[in-house]
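Chemist: For reference, this is final.cif, and it has mmCIF, C-alpha atoms.
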data_run
loop_
_atom_site.label_atom_id
_atom_site.label_comp_id
_atom_site.auth_asym_id
_atom_site.auth_seq_id
_atom_site.Cartn_x
_atom_site.Cartn_y
_atom_site.Cartn_z
CA MET Z 1 33.19 13.03 1.54
CA ARG Z 2 30.44 14.90 -0.21
CA ARG Z 3 29.27 11.65 -1.71
CA VAL Z 4 29.05 10.09 1.73
CA SER Z 5 26.91 12.93 3.04
CA LEU Z 6 24.59 12.69 0.05
CA LEU Z 7 24.15 8.98 0.55
CA SER Z 8 23.50 9.39 4.26
CA ALA Z 9 20.93 12.11 3.53
CA ALA Z 10 19.19 9.72 1.14
CA CYS Z 11 19.28 6.99 3.78
CA ALA Z 12 17.92 9.34 6.44
CA MET Z 13 15.00 10.01 4.13
CA ALA Z 14 14.30 6.30 3.86
CA LEU Z 15 14.65 5.76 7.60
CA SER Z 16 12.23 8.54 8.45
CA GLY Z 17 9.64 6.47 6.60
CA ALA Z 18 10.32 3.62 9.01
CA ALA Z 19 8.91 5.78 11.80
CA PHE Z 20 5.45 4.99 10.44
CA LEU Z 21 5.90 1.31 11.17
CA SER Z 22 4.28 -0.06 14.26
CA ALA Z 23 6.69 -1.82 16.59
CA ALA Z 24 4.92 -5.16 16.83
CA PRO Z 25 2.80 -6.77 14.14
CA VAL Z 26 -0.86 -6.83 15.10
CA ARG Z 27 -2.27 -10.24 14.30
CA ALA Z 28 -5.94 -10.84 13.69
CA ASP Z 29 -7.49 -13.33 16.09
CA ASP Z 30 -8.29 -15.98 13.54
CA ALA Z 31 -6.88 -16.51 10.08
CA ILE Z 32 -9.31 -17.44 7.33
CA THR Z 33 -8.03 -20.47 5.46
CA ILE Z 34 -8.12 -20.91 1.70
CA VAL Z 35 -6.76 -24.19 0.30
CA ILE Z 36 -5.20 -24.53 -3.15
CA LYS Z 37 -5.65 -27.98 -4.66
CA ASP Z 38 -5.28 -28.99 -8.33
CA HIS Z 39 -4.78 -25.27 -9.09
CA LYS Z 40 -8.23 -24.40 -7.69
CA PHE Z 41 -9.25 -22.57 -4.52
CA GLU Z 42 -11.27 -24.35 -1.85
CA PRO Z 43 -13.50 -22.70 -0.79
CA ALA Z 44 -13.73 -20.48 -3.85
CA GLU Z 45 -15.64 -17.89 -1.82
CA VAL Z 46 -14.89 -16.94 1.78
CA LYS Z 47 -16.68 -14.49 4.05
CA VAL Z 48 -14.71 -12.02 6.17
CA PRO Z 49 -15.79 -9.23 8.51
CA ALA Z 50 -15.87 -5.81 6.84
CA ASN Z 51 -13.98 -2.73 8.10
CA LYS Z 52 -11.23 -4.53 10.00
CA ARG Z 53 -7.83 -6.07 9.32
CA VAL Z 54 -8.16 -9.72 8.37
CA THR Z 55 -5.52 -12.45 7.98
CA LEU Z 56 -5.89 -14.89 5.09
CA LEU Z 57 -4.03 -18.18 5.34
CA VAL Z 58 -3.37 -19.73 1.94
CA ASP Z 59 -2.54 -23.44 2.10
CA ASN Z 60 -1.03 -24.72 -1.14
CA GLN Z 61 -1.46 -28.49 -1.31
CA ASP Z 62 -0.15 -28.69 -4.89
CA ALA Z 63 3.48 -29.55 -5.55
CA THR Z 64 4.05 -26.41 -7.66
CA SER Z 65 4.35 -22.76 -6.62
CA GLU Z 66 1.45 -20.38 -6.96
CA GLU Z 67 1.21 -16.61 -6.73
CA PHE Z 68 -1.77 -15.54 -4.63
CA GLU Z 69 -2.84 -12.21 -6.02
CA SER Z 70 -5.66 -9.68 -5.79
CA GLY Z 71 -5.68 -6.14 -7.10
CA GLU Z 72 -8.90 -5.51 -5.18
CA MET Z 73 -7.31 -6.50 -1.86
CA LYS Z 74 -3.83 -5.26 -2.83
CA VAL Z 75 -1.98 -8.48 -2.11
CA GLU Z 76 0.61 -10.41 -4.07
CA LYS Z 77 2.51 -13.30 -2.53
CA ILE Z 78 4.25 -16.46 -3.71
CA VAL Z 79 3.08 -19.69 -2.08
CA GLY Z 80 5.63 -22.46 -2.50
CA GLY Z 81 4.57 -26.01 -3.36
CA ARG Z 82 3.07 -27.68 -0.24
CA LYS Z 83 3.58 -24.47 1.75
CA GLN Z 84 1.36 -22.01 3.56
CA ILE Z 85 1.47 -18.23 3.62
CA LYS Z 86 -0.40 -15.55 5.50
CA VAL Z 87 -1.38 -12.16 4.16
CA MET Z 88 -3.10 -9.32 5.97
CA VAL Z 89 -5.79 -7.43 4.09
CA GLY Z 90 -8.18 -4.58 4.74
CA PRO Z 91 -9.90 -2.86 6.33
CA LEU Z 92 -12.29 -3.81 3.50
CA LYS Z 93 -15.56 -2.03 2.83
CA PRO Z 94 -18.50 -4.44 2.39
CA GLY Z 95 -18.34 -6.00 -1.07
CA ARG Z 96 -16.84 -8.71 -3.23
CA TYR Z 97 -13.07 -8.91 -3.68
CA PRO Z 98 -11.87 -11.39 -6.32
CA PHE Z 99 -8.49 -13.10 -6.03
CA PHE Z 100 -6.63 -15.46 -8.33
CA GLY Z 101 -3.54 -17.62 -8.68
CA GLU Z 102 -1.40 -15.90 -11.25
CA PHE Z 103 0.48 -19.03 -12.28
CA HIS Z 104 -2.75 -20.92 -13.09
CA GLU Z 105 -5.19 -18.12 -13.78
CA ALA Z 106 -7.54 -20.26 -15.90
CA THR Z 107 -8.65 -22.38 -12.95
CA ALA Z 108 -7.41 -20.63 -9.80
CA GLN Z 109 -10.16 -18.07 -9.20
CA GLY Z 110 -11.91 -17.07 -6.00
CA ALA Z 111 -13.35 -14.18 -4.03
CA VAL Z 112 -13.53 -12.74 -0.53
CA ILE Z 113 -16.92 -11.41 0.54
CA ALA Z 114 -16.61 -8.66 3.14
CA GLU Z 115 -19.77 -8.11 5.18
CA MET S 1 2.59 -21.65 -24.41
CA LEU S 2 1.06 -18.24 -25.13
CA ALA S 3 -0.16 -18.07 -21.53
CA SER S 4 3.35 -18.59 -20.19
CA LEU S 5 4.75 -16.04 -22.63
CA ILE S 6 2.23 -13.46 -21.40
CA ILE S 7 2.99 -14.15 -17.74
CA VAL S 8 6.74 -13.88 -18.32
CA PHE S 9 6.25 -10.69 -20.33
CA ARG S 10 4.15 -9.08 -17.58
CA GLU S 11 6.88 -9.80 -15.07
CA VAL S 12 9.63 -8.60 -17.42
CA LEU S 13 7.73 -5.41 -18.32
CA GLU S 14 8.54 -3.57 -15.10
CA ALA S 15 12.27 -4.23 -15.31
CA GLY S 16 12.15 -3.49 -19.05
CA LEU S 17 10.64 -0.04 -18.51
CA ILE S 18 13.16 0.79 -15.80
CA VAL S 19 16.03 -0.21 -18.11
CA GLY S 20 14.53 2.05 -20.80
CA ILE S 21 14.42 5.06 -18.45
CA VAL S 22 17.95 4.43 -17.18
CA LEU S 23 19.24 4.10 -20.75
CA ALA S 24 17.74 7.50 -21.56
CA ALA S 25 18.95 9.07 -18.31
CA THR S 26 22.50 7.93 -19.04
CA GLN S 27 22.46 8.94 -22.71
CA GLY S 28 26.03 9.63 -23.77
CA VAL S 29 27.69 8.41 -20.58
CA ALA S 30 30.81 6.39 -21.27
CA GLY S 31 30.70 2.88 -19.88
CA ARG S 32 26.94 2.86 -19.24
CA GLY S 33 26.44 -0.30 -21.30
CA ARG S 34 28.79 -2.19 -19.01
CA TRP S 35 27.04 -0.99 -15.84
CA ILE S 36 23.53 -1.62 -17.14
CA ALA S 37 24.53 -5.10 -18.35
CA LEU S 38 26.07 -5.73 -14.94
CA GLY S 39 22.78 -4.75 -13.28
CA ILE S 40 20.76 -7.06 -15.53
CA VAL S 41 23.12 -10.05 -15.26
CA GLY S 42 23.48 -9.57 -11.50
CA GLY S 43 19.69 -9.40 -11.20
CA ILE S 44 19.23 -12.62 -13.19
CA ILE S 45 21.80 -14.50 -11.11
CA GLY S 46 20.20 -13.12 -7.95
CA SER S 47 16.75 -14.22 -9.23
CA CYS S 48 17.88 -17.83 -9.46
CA ILE S 49 19.36 -17.67 -5.96
CA VAL S 50 16.24 -16.03 -4.49
CA ALA S 51 13.99 -18.57 -6.26
CA ALA S 52 16.10 -21.46 -4.96
CA PHE S 53 15.72 -20.18 -1.40
CA ALA S 54 12.18 -18.83 -1.83
CA ASP S 55 10.64 -21.09 0.80
CA GLY S 56 13.43 -20.26 3.22
CA ILE S 57 13.08 -16.50 2.66
CA SER S 58 9.31 -16.73 2.96
CA SER S 59 9.48 -18.42 6.35
CA LEU S 60 11.87 -15.85 7.85
CA PHE S 61 10.68 -13.28 10.41
CA ALA S 62 7.48 -15.10 11.36
CA ASP S 63 6.57 -15.78 7.73
CA THR S 64 6.94 -12.16 6.67
CA GLY S 65 10.27 -12.75 4.89
CA GLN S 66 8.80 -12.30 1.41
CA GLU S 67 7.25 -8.95 2.28
CA LEU S 68 10.35 -7.73 4.11
CA PHE S 69 12.57 -8.83 1.23
CA ASN S 70 10.42 -7.03 -1.36
CA ALA S 71 10.05 -3.90 0.75
CA THR S 72 13.80 -3.81 1.48
CA VAL S 73 14.97 -4.15 -2.12
CA LEU S 74 12.40 -1.53 -3.19
CA LEU S 75 13.61 0.90 -0.53
CA ILE S 76 17.24 0.28 -1.54
CA ALA S 77 16.24 1.27 -5.08
CA VAL S 78 14.49 4.39 -3.72
CA VAL S 79 17.67 5.44 -1.87
CA MET S 80 19.81 4.81 -4.97
CA LEU S 81 17.46 6.86 -7.15
CA ALA S 82 17.42 9.71 -4.62
CA TRP S 83 21.19 9.66 -4.46
CA HIS S 84 21.53 9.57 -8.25
CA ASN S 85 19.27 12.60 -8.68
CA ALA S 86 21.06 14.52 -5.94
CA TRP S 87 24.44 13.67 -7.45
CA MET S 88 23.28 14.90 -10.84
CA ALA S 89 21.97 18.13 -9.30
CA GLN S 90 25.30 18.68 -7.58
CA HIS S 91 27.56 17.97 -10.51
CA GLY S 92 25.34 18.69 -13.47
CA ARG S 93 25.30 22.43 -12.92
CA GLU S 94 29.03 22.78 -12.54
CA LEU S 95 29.64 20.89 -15.75
CA ALA S 96 26.89 22.76 -17.57
CA ARG S 97 28.61 26.02 -16.71
CA ASP S 98 32.06 24.90 -17.77
CA MET S 99 31.07 23.18 -20.95
CA LYS S 100 29.08 24.63 -23.75
CA ALA S 101 26.61 21.83 -24.31
CA VAL S 102 24.30 20.75 -21.53
CA GLY S 103 24.75 17.30 -22.99
CA HIS S 104 28.07 17.15 -21.17
CA ALA S 105 26.26 17.48 -17.87
CA VAL S 106 24.43 14.31 -18.65
CA ARG S 107 27.74 12.66 -19.52
CA SER S 108 29.03 13.46 -16.05
CA GLY S 109 26.59 10.92 -14.66
CA GLU S 110 29.21 8.22 -15.06
CA LYS S 111 29.95 8.06 -11.34
CA SER S 112 26.34 7.46 -10.41
CA LEU S 113 26.04 4.59 -12.87
CA ALA S 114 26.66 2.13 -10.07
CA ALA S 115 23.58 3.41 -8.23
CA LEU S 116 21.45 2.97 -11.34
CA ALA S 117 22.92 -0.49 -11.95
CA ILE S 118 21.67 -1.43 -8.47
CA VAL S 119 18.21 -0.05 -9.29
CA ILE S 120 18.10 -2.24 -12.41
CA GLY S 121 19.55 -5.20 -10.53
CA VAL S 122 16.87 -5.19 -7.83
CA ALA S 123 14.07 -4.67 -10.38
CA VAL S 124 15.28 -7.71 -12.33
CA LEU S 125 15.76 -9.61 -9.07
CA ARG S 126 12.21 -9.03 -7.85
CA GLU S 127 10.43 -9.93 -11.07
CA GLY S 128 13.00 -12.50 -12.18
CA SER S 129 12.66 -14.72 -9.13
CA GLU S 130 8.90 -14.98 -9.79
CA ILE S 131 9.59 -15.98 -13.40
CA VAL S 132 12.03 -18.67 -12.27
CA LEU S 133 9.47 -20.11 -9.82
CA PHE S 134 6.74 -20.03 -12.45
CA LEU S 135 8.85 -21.68 -15.15
CA THR S 136 10.33 -24.34 -12.86
CA GLY S 137 6.74 -25.18 -11.89
CA ILE S 138 5.89 -25.83 -15.54
CA LEU S 139 9.04 -27.88 -15.98
CA ALA S 140 8.05 -30.06 -13.05
CA SER S 141 4.39 -30.52 -13.90
CA GLU S 142 3.84 -30.66 -17.64
CA GLU S 143 4.74 -33.06 -20.39
CA GLY S 144 7.06 -31.38 -22.86
CA GLY S 145 7.50 -28.55 -20.39
CA ILE S 146 10.89 -27.60 -21.78
CA ALA S 147 9.41 -26.30 -25.05
CA THR S 148 6.88 -24.21 -23.12
CA VAL S 149 9.52 -22.87 -20.78
CA ALA S 150 11.90 -22.02 -23.62
CA ALA S 151 9.24 -20.34 -25.77
CA GLY S 152 7.58 -18.54 -22.88
CA GLY S 153 10.80 -17.50 -21.24
CA LEU S 154 12.69 -16.35 -24.31
CA GLY S 155 9.62 -14.79 -25.95
CA GLY S 156 8.65 -12.93 -22.81
CA VAL S 157 12.17 -11.64 -22.23
CA ALA S 158 12.47 -10.60 -25.89
CA LEU S 159 9.20 -8.64 -25.66
CA GLY S 160 10.41 -6.99 -22.44
CA GLY S 161 13.65 -6.02 -24.18
CA LEU S 162 11.61 -4.55 -27.04
CA VAL S 163 9.71 -2.38 -24.54
CA SER S 164 13.03 -1.09 -23.14
CA ILE S 165 14.24 -0.17 -26.60
CA LEU S 166 10.95 1.49 -27.61
CA LEU S 167 10.80 3.58 -24.43
CA TYR S 168 14.45 4.54 -24.81
CA ALA S 169 14.00 5.41 -28.50
CA GLY S 170 10.98 7.53 -27.58
CA LEU S 171 12.70 9.36 -24.73
CA VAL S 172 15.83 10.24 -26.71
CA GLN S 173 13.64 12.08 -29.23
CA ILE S 174 13.36 14.74 -26.52
CA PRO S 175 15.93 17.51 -27.15
CA THR S 176 19.05 16.97 -25.00
CA ARG S 177 18.36 20.14 -23.01
CA HIS S 178 15.01 18.80 -21.79
CA LEU S 179 15.98 15.12 -21.71
CA PHE S 180 17.89 15.49 -18.45
CA ALA S 181 14.99 17.26 -16.72
CA THR S 182 12.55 14.67 -18.05
CA THR S 183 14.53 11.65 -16.91
CA THR S 184 15.15 13.27 -13.51
CA TRP S 185 11.39 13.56 -13.07
CA LEU S 186 10.81 10.04 -14.33
CA LEU S 187 13.39 8.67 -11.87
CA THR S 188 11.81 10.69 -9.04
CA LEU S 189 8.31 9.36 -9.78
CA LEU S 190 9.74 5.86 -10.25
CA ALA S 191 11.22 6.12 -6.75
CA ALA S 192 7.93 7.44 -5.31
CA GLY S 193 5.97 4.59 -6.90
CA MET S 194 8.46 2.06 -5.53
CA ALA S 195 8.08 3.51 -2.03
CA ALA S 196 4.29 3.22 -2.32
CA THR S 197 4.66 -0.43 -3.41
CA ALA S 198 7.04 -1.10 -0.52
CA VAL S 199 4.48 0.33 1.92
CA ASN S 200 1.90 -2.06 0.50
CA PHE S 201 4.19 -5.04 1.13
CA LEU S 202 4.64 -3.90 4.74
CA ALA S 203 0.85 -3.67 5.12
CA GLN S 204 0.38 -7.14 3.60
CA GLY S 205 2.96 -8.56 5.99
CA GLY S 206 1.17 -7.04 8.96
CA MET S 207 4.09 -4.74 9.86
CA LEU S 208 2.16 -1.62 8.95
CA ASN S 209 -1.37 -1.65 10.24
CA ALA S 210 -2.25 2.03 9.97
CA GLY S 211 -3.36 3.85 6.84
CA GLY S 212 -4.73 0.78 5.12
CA THR S 213 -7.94 2.47 4.03
CA VAL S 214 -8.27 2.76 0.26
CA LEU S 215 -8.66 6.42 -0.66
CA TRP S 216 -10.24 6.08 -4.09
CA ASP S 217 -10.91 3.48 -6.75
CA SER S 218 -10.11 4.36 -10.35
CA SER S 219 -10.11 0.75 -11.53
CA ALA S 220 -13.20 1.43 -13.67
CA ILE S 221 -11.08 3.85 -15.72
CA LEU S 222 -7.71 2.11 -15.66
CA ARG S 223 -6.96 -1.17 -13.91
CA ASP S 224 -3.59 -1.86 -12.31
CA ASN S 225 -3.23 -5.14 -14.14
CA SER S 226 -4.04 -3.80 -17.59
CA LEU S 227 -0.97 -3.33 -19.76
CA ILE S 228 -1.23 0.48 -19.70
CA GLY S 229 -1.98 0.45 -15.98
CA GLN S 230 1.09 -1.66 -15.35
CA ALA S 231 3.27 0.59 -17.51
CA LEU S 232 2.00 3.73 -15.75
CA HIS S 233 2.54 1.97 -12.43
CA VAL S 234 6.24 1.76 -13.21
CA LEU S 235 6.56 5.15 -14.89
CA VAL S 236 4.63 7.36 -12.45
CA GLY S 237 3.60 4.98 -9.67
CA TYR S 238 -0.04 4.70 -10.77
CA THR S 239 -2.23 2.44 -8.67
CA ASP S 240 -6.00 2.14 -9.01
CA ARG S 241 -6.68 1.75 -5.27
CA PRO S 242 -4.13 3.79 -3.31
CA THR S 243 -4.21 3.55 0.48
CA GLU S 244 -3.56 6.46 2.83
CA ALA S 245 -0.13 5.06 3.72
CA GLN S 246 0.77 4.70 0.04
CA LEU S 247 -0.16 8.30 -0.71
CA ILE S 248 1.92 9.52 2.24
CA ALA S 249 4.91 7.47 1.06
CA TYR S 250 4.52 8.69 -2.53
CA VAL S 251 4.25 12.38 -1.68
CA GLY S 252 6.94 12.02 0.99
CA VAL S 253 9.47 10.61 -1.48
CA VAL S 254 8.72 13.21 -4.18
CA VAL S 255 9.11 16.06 -1.66
CA GLY S 256 12.15 14.37 -0.08
CA ILE S 257 13.97 13.97 -3.40
CA LEU S 258 13.12 17.55 -4.46
CA LEU S 259 14.51 18.92 -1.17
CA LEU S 260 17.56 16.67 -1.42
CA THR S 261 18.37 17.72 -4.99
CA ARG S 262 17.83 21.39 -4.14
CA TRP S 263 20.15 21.07 -1.16
CA ALA S 264 22.70 19.19 -3.30
CA ALA S 265 22.54 21.81 -6.05
CA GLY S 266 23.13 24.59 -3.51
CA ASN S 267 26.02 22.56 -2.19
CA SER S 268 27.68 22.07 -5.56
CA PRO S 269 31.38 22.93 -6.01
CA SER S 270 30.56 25.63 -8.60
CA ASN S 271 28.18 27.31 -6.19
CA ARG S 272 30.69 27.19 -3.38
CA SER S 273 33.51 28.64 -5.49
CA ARG S 274 31.16 31.44 -6.54
CA VAL S 275 30.49 32.25 -2.90
CA ALA S 276 34.22 32.08 -2.15
CA SER S 277 35.17 34.45 -4.97
CA ALA S 278 32.45 36.90 -3.90
CA ALA S 279 33.93 36.92 -0.41
CA GLU S 280 37.42 37.80 -1.62
#
Would you put the structure from the file into structure tokens?
Modeler:
Amino acid sequence: MRRVSLLSAACAMALSGAAFLSAAPVRADDAITIVIKDHKFEPAEVKVPANKRVTLLVDNQDATSEEFESGEMKVEKIVGGRKQIKVMVGPLKPGRYPFFGEFHEATAQGAVIAE
Amino acid sequence: MLASLIIVFREVLEAGLIVGIVLAATQGVAGRGRWIALGIVGGIIGSCIVAAFADGISSLFADTGQELFNATVLLIAVVMLAWHNAWMAQHGRELARDMKAVGHAVRSGEKSLAALAIVIGVAVLREGSEIVLFLTGILASEEGGIATVAAGGLGGVALGGLVSILLYAGLVQIPTRHLFATTTWLLTLLAAGMAATAVNFLAQGGMLNAGGTVLWDSSAILRDNSLIGQALHVLVGYTDRPTEAQLIAYVGVVVGILLLTRWAAGNSPSNRSRVASAAE
């Protein structure tokens, strides 16, 4: 009994965090597309508006999975072979934000320019 | 081959550190080896399943399946860690009073082993599924991929295991009396860091659109993706560019677990019997 109440208290703690979530996802008007081909990004540099939420659409045209990652933009997402993913980033201050494909880091390098 | 070993190791590192902390936190508990092994094996099996259905998971909930999955398993781990710490606060004191050595209090953690096994399981699951996808990609694309996969996979996992053992060996140098307090804090900060990471997944998926502003940038001093940065990320939840929402989640979980353990300690059987005998 005591164990149940402890667990429910722990759950209540987790649920209270859910209160911060907005009910419906806010989607940016237009997604900015980045294509992965032969383990390279095309275009390797994309421009996005600064100081607002932006959606990046990553289109993997290779047969193998990639992990789209950027510490600067705080994103990390697996893109399956011949699949597309979307990630929301920002609001970004004006500047250059590198990203890379973790599974093919030698060639898969790019950057977002916020301005 | 070295590149794949490094990638596998980086993924294994997080789970390896968590196993090390749990090993230290359960020092002396009978049957802990079985539970920890269960967590690891369950996580590995789960990794293969998640990797096999990765595209399916990713396309769920308007393409936010990956973020929701990551955030959910992280929050499950947070709840399990909170419950473990509260359980220890409730039962540790009573056993410490009855038995001479505080070491016995740590041994009483047996019943919360299942919670910690889940924490290990989901850590292995999260990182493991990425390793499976990465290695199957090599298998599919390269000549002689099997040698690379075997060397990278086994080498990376072996290095991760070494990290677990080193962290465990280091932690158990702490005198038993302080070991319990230390691991309780480590588990609390581990939970807080996981909550902050979960919040970031929700932001990336577009489910959390407030509090996305980065508060400070300490990447010039210590980058997230450096080895030390990654280790500190697991141990204390370090991140070089925390957002407002992440800081709120981090502080919220630390305060929440402290209040929960305090409440649990006040609610312990020994405390209640003391109150009862005073009333007689």
Chemist: I'd like a table as a tab-separated table: residues in region 191-246 of chain S with an atom no more than 8 Å from region 68-74 of chain S, each row giving the shortest atom pair and its distance in Å to one decimal, all atoms listed in the file counted, sorted by chain and rising residue number.
Modeler:
residue	atom	partner	partner_atom	distance
S:Met194	CA	S:Leu74	CA	5.8
S:Ala195	CA	S:Leu74	CA	6.7
S:Thr197	CA	S:Ala71	CA	7.6
S:Ala198	CA	S:Ala71	CA	4.3
S:Val199	CA	S:Ala71	CA	7.1
S:Phe201	CA	S:Ala71	CA	6.0
S:Leu202	CA	S:Ala71	CA	6.7
S:Gly205	CA	S:Leu68	CA	7.7
Chemist: If you count all atoms listed in the file, which residues fall within 6 Å of Phe68 (chain Z), apart from same-chain ones fewer than 3 positions away, as a PyMOL selection string?
Modeler: chain Z and resi 76-77+101
Chemist: Here's the selection I'm unsure about, the PyMOL selection byres ((chain S and resi 27) around 10); applied to the file above, which residues does it give, as a VMD selection string?
Modeler: chain S and resid 21 to 26 28 to 30 32 103 106 to 107 109 168 171 to 172 176 179 to 180
Chemist: In Å to one decimal, how far is CA of Tyr250 (chain S) from CA of Ala181 (chain S)?
Modeler: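 Atom-to-atom, CA of Ala181 (chain S) and CA of Tyr250 (chain S) are spaced 19.6 Å apart.
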Chemist: Identify which of the residues Z:Val79, Z:Met88, Z:Ile36, Z:Ile113 lies closest to chain S, counting all atoms listed in the file when measuring atom-to-atom distances.
Modeler: Z:Met88
Chemist: Report, in Å to a single decimal, how far apart CA of Glu102 (chain Z) and CA of Glu67 (chain Z) are.
Modeler: 5.3 Å
Chemist: So that I can check the surroundings of Ser58 (chain S), please list as a PyMOL selection string every protein, DNA and RNA residue that reaches within 10 Å of it, counting only C-alpha atoms and ignoring chain neighbours fewer than 3 positions away.
Modeler: (chain Z and resi 77-80+83-85) or (chain S and resi 53-55+61-69)
Chemist: I'd like the contact shell of Leu17 (chain S) - 9 Å cut-off, only C-alpha atoms, skipping same-chain residues fewer than 4 positions apart - returned as an mmCIF file with C-alpha atoms, keeping the file's coordinate frame.
Modeler:
data_model
loop_
_atom_site.group_PDB
_atom_site.id
_atom_site.type_symbol
_atom_site.label_atom_id
_atom_site.label_comp_id
_atom_site.auth_asym_id
_atom_site.auth_seq_id
_atom_site.Cartn_x
_atom_site.Cartn_y
_atom_site.Cartn_z
ATOM 1 C CA VAL S 12 9.630 -8.600 -17.420
ATOM 2 C CA LEU S 13 7.730 -5.410 -18.320
ATOM 3 C CA ILE S 21 14.420 5.060 -18.450
ATOM 4 C CA VAL S 22 17.950 4.430 -17.180
ATOM 5 C CA GLY S 160 10.410 -6.990 -22.440
ATOM 6 C CA GLY S 161 13.650 -6.020 -24.180
ATOM 7 C CA VAL S 163 9.710 -2.380 -24.540
ATOM 8 C CA SER S 164 13.030 -1.090 -23.140
ATOM 9 C CA ILE S 165 14.240 -0.170 -26.600
ATOM 10 C CA LEU S 167 10.800 3.580 -24.430
ATOM 11 C CA TYR S 168 14.450 4.540 -24.810
ATOM 12 C CA ALA S 231 3.270 0.590 -17.510
ATOM 13 C CA VAL S 234 6.240 1.760 -13.210
ATOM 14 C CA LEU S 235 6.560 5.150 -14.890
#
Chemist: Interatomic distance between CA of Ala52 (chain S) and CA of Leu5 (chain S)?
Modeler: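 Straight-line distance from CA of Ala52 (chain S) to CA of Leu5 (chain S) works out to 21.7 Å.
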Chemist: Please, which residues of chain S lie no more than 6 Å from chain Z when the count uses all atoms listed in the file, and can they be set out as a PyMOL selection string?
Modeler: chain S and resi 79+83+137+204-208
Chemist: Decode the PyMOL selection byres ((chain S and resi 236) around 12) for the given file into explicit residues and return them as a ChimeraX atom specification.
Modeler: /S:14,17-18,21,183,185-197,228-235,237-239,250-251,254
Chemist: For those residues, write C-alpha atoms to a file as a PDB file, keeping the file's coordinate frame.
Modeler:
ATOM      1  CA  GLU S  14       8.540  -3.570 -15.100  1.00  0.00           C
ATOM      2  CA  LEU S  17      10.640  -0.040 -18.510  1.00  0.00           C
ATOM      3  CA  ILE S  18      13.160   0.790 -15.800  1.00  0.00           C
ATOM      4  CA  ILE S  21      14.420   5.060 -18.450  1.00  0.00           C
ATOM      5  CA  THR S 183      14.530  11.650 -16.910  1.00  0.00           C
ATOM      6  CA  TRP S 185      11.390  13.560 -13.070  1.00  0.00           C
ATOM      7  CA  LEU S 186      10.810  10.040 -14.330  1.00  0.00           C
ATOM      8  CA  LEU S 187      13.390   8.670 -11.870  1.00  0.00           C
ATOM      9  CA  THR S 188      11.810  10.690  -9.040  1.00  0.00           C
ATOM     10  CA  LEU S 189       8.310   9.360  -9.780  1.00  0.00           C
ATOM     11  CA  LEU S 190       9.740   5.860 -10.250  1.00  0.00           C
ATOM     12  CA  ALA S 191      11.220   6.120  -6.750  1.00  0.00           C
ATOM     13  CA  ALA S 192       7.930   7.440  -5.310  1.00  0.00           C
ATOM     14  CA  GLY S 193       5.970   4.590  -6.900  1.00  0.00           C
ATOM     15  CA  MET S 194       8.460   2.060  -5.530  1.00  0.00           C
ATOM     16  CA  ALA S 195       8.080   3.510  -2.030  1.00  0.00           C
ATOM     17  CA  ALA S 196       4.290   3.220  -2.320  1.00  0.00           C
ATOM     18  CA  THR S 197       4.660  -0.430  -3.410  1.00  0.00           C
ATOM     19  CA  ILE S 228      -1.230   0.480 -19.700  1.00  0.00           C
ATOM     20  CA  GLY S 229      -1.980   0.450 -15.980  1.00  0.00           C
ATOM     21  CA  GLN S 230       1.090  -1.660 -15.350  1.00  0.00           C
ATOM     22  CA  ALA S 231       3.270   0.590 -17.510  1.00  0.00           C
ATOM     23  CA  LEU S 232       2.000   3.730 -15.750  1.00  0.00           C
ATOM     24  CA  HIS S 233       2.540   1.970 -12.430  1.00  0.00           C
ATOM     25  CA  VAL S 234       6.240   1.760 -13.210  1.00  0.00           C
ATOM     26  CA  LEU S 235       6.560   5.150 -14.890  1.00  0.00           C
ATOM     27  CA  GLY S 237       3.600   4.980  -9.670  1.00  0.00           C
ATOM     28  CA  TYR S 238      -0.040   4.700 -10.770  1.00  0.00           C
ATOM     29  CA  THR S 239      -2.230   2.440  -8.670  1.00  0.00           C
ATOM     30  CA  TYR S 250       4.520   8.690  -2.530  1.00  0.00           C
ATOM     31  CA  VAL S 251       4.250  12.380  -1.680  1.00  0.00           C
ATOM     32  CA  VAL S 254       8.720  13.210  -4.180  1.00  0.00           C
TER      33      VAL S 254
END
Chemist: Which residue gives the smallest distance to Glu115 (chain Z) among Z:Asp30, Z:Lys47, Z:Asp59, Z:Arg82, with only C-alpha atoms counted?
Modeler: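 For Glu115 (chain Z), the nearest of the candidates is Z:Lys47.
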Chemist: Gly128 (chain S): which residues within 10 Å, counting all atoms listed in the file, same-chain residues fewer than 5 positions away excluded, as a list of chain:residue names?
Modeler: S:Val8, S:Glu11, S:Val12, S:Ala15, S:Gly43, S:Ile44, S:Ile45, S:Gly46, S:Ser47, S:Cys48, S:Val50, S:Ala51, S:Gly121, S:Val122, S:Ala123, S:Leu133, S:Phe134
Chemist: Kindly list the centre and edge lengths in Å, rounded to one decimal, for the axis-aligned box that covers all listed atoms of region 46-58 of chain Z plus 6 Å on each of its six sides, as lines of an AutoDock Vina configuration file.
Modeler:
center_x = -10.0
center_y = -11.2
center_z = 5.9
size_x = 25.3
size_y = 29.0
size_z = 20.2
Chemist: Which residues are close to region 144-156 of chain S, i.e. within 8 Å by all atoms listed in the file, leaving aside same-chain residues fewer than 6 positions away? Reply as a tab-separated table (two decimals) with C-alpha atoms, keeping the file's coordinate frame.
Modeler:
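Dumped to selection-v9.tsv:
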chain	number	residue	atom	x	y	z
S	1	MET	CA	2.59	-21.65	-24.41
S	2	LEU	CA	1.06	-18.24	-25.13
S	3	ALA	CA	-0.16	-18.07	-21.53
S	4	SER	CA	3.35	-18.59	-20.19
S	5	LEU	CA	4.75	-16.04	-22.63
S	6	ILE	CA	2.23	-13.46	-21.40
S	7	ILE	CA	2.99	-14.15	-17.74
S	8	VAL	CA	6.74	-13.88	-18.32
S	9	PHE	CA	6.25	-10.69	-20.33
S	10	ARG	CA	4.15	-9.08	-17.58
S	12	VAL	CA	9.63	-8.60	-17.42
S	135	LEU	CA	8.85	-21.68	-15.15
S	138	ILE	CA	5.89	-25.83	-15.54
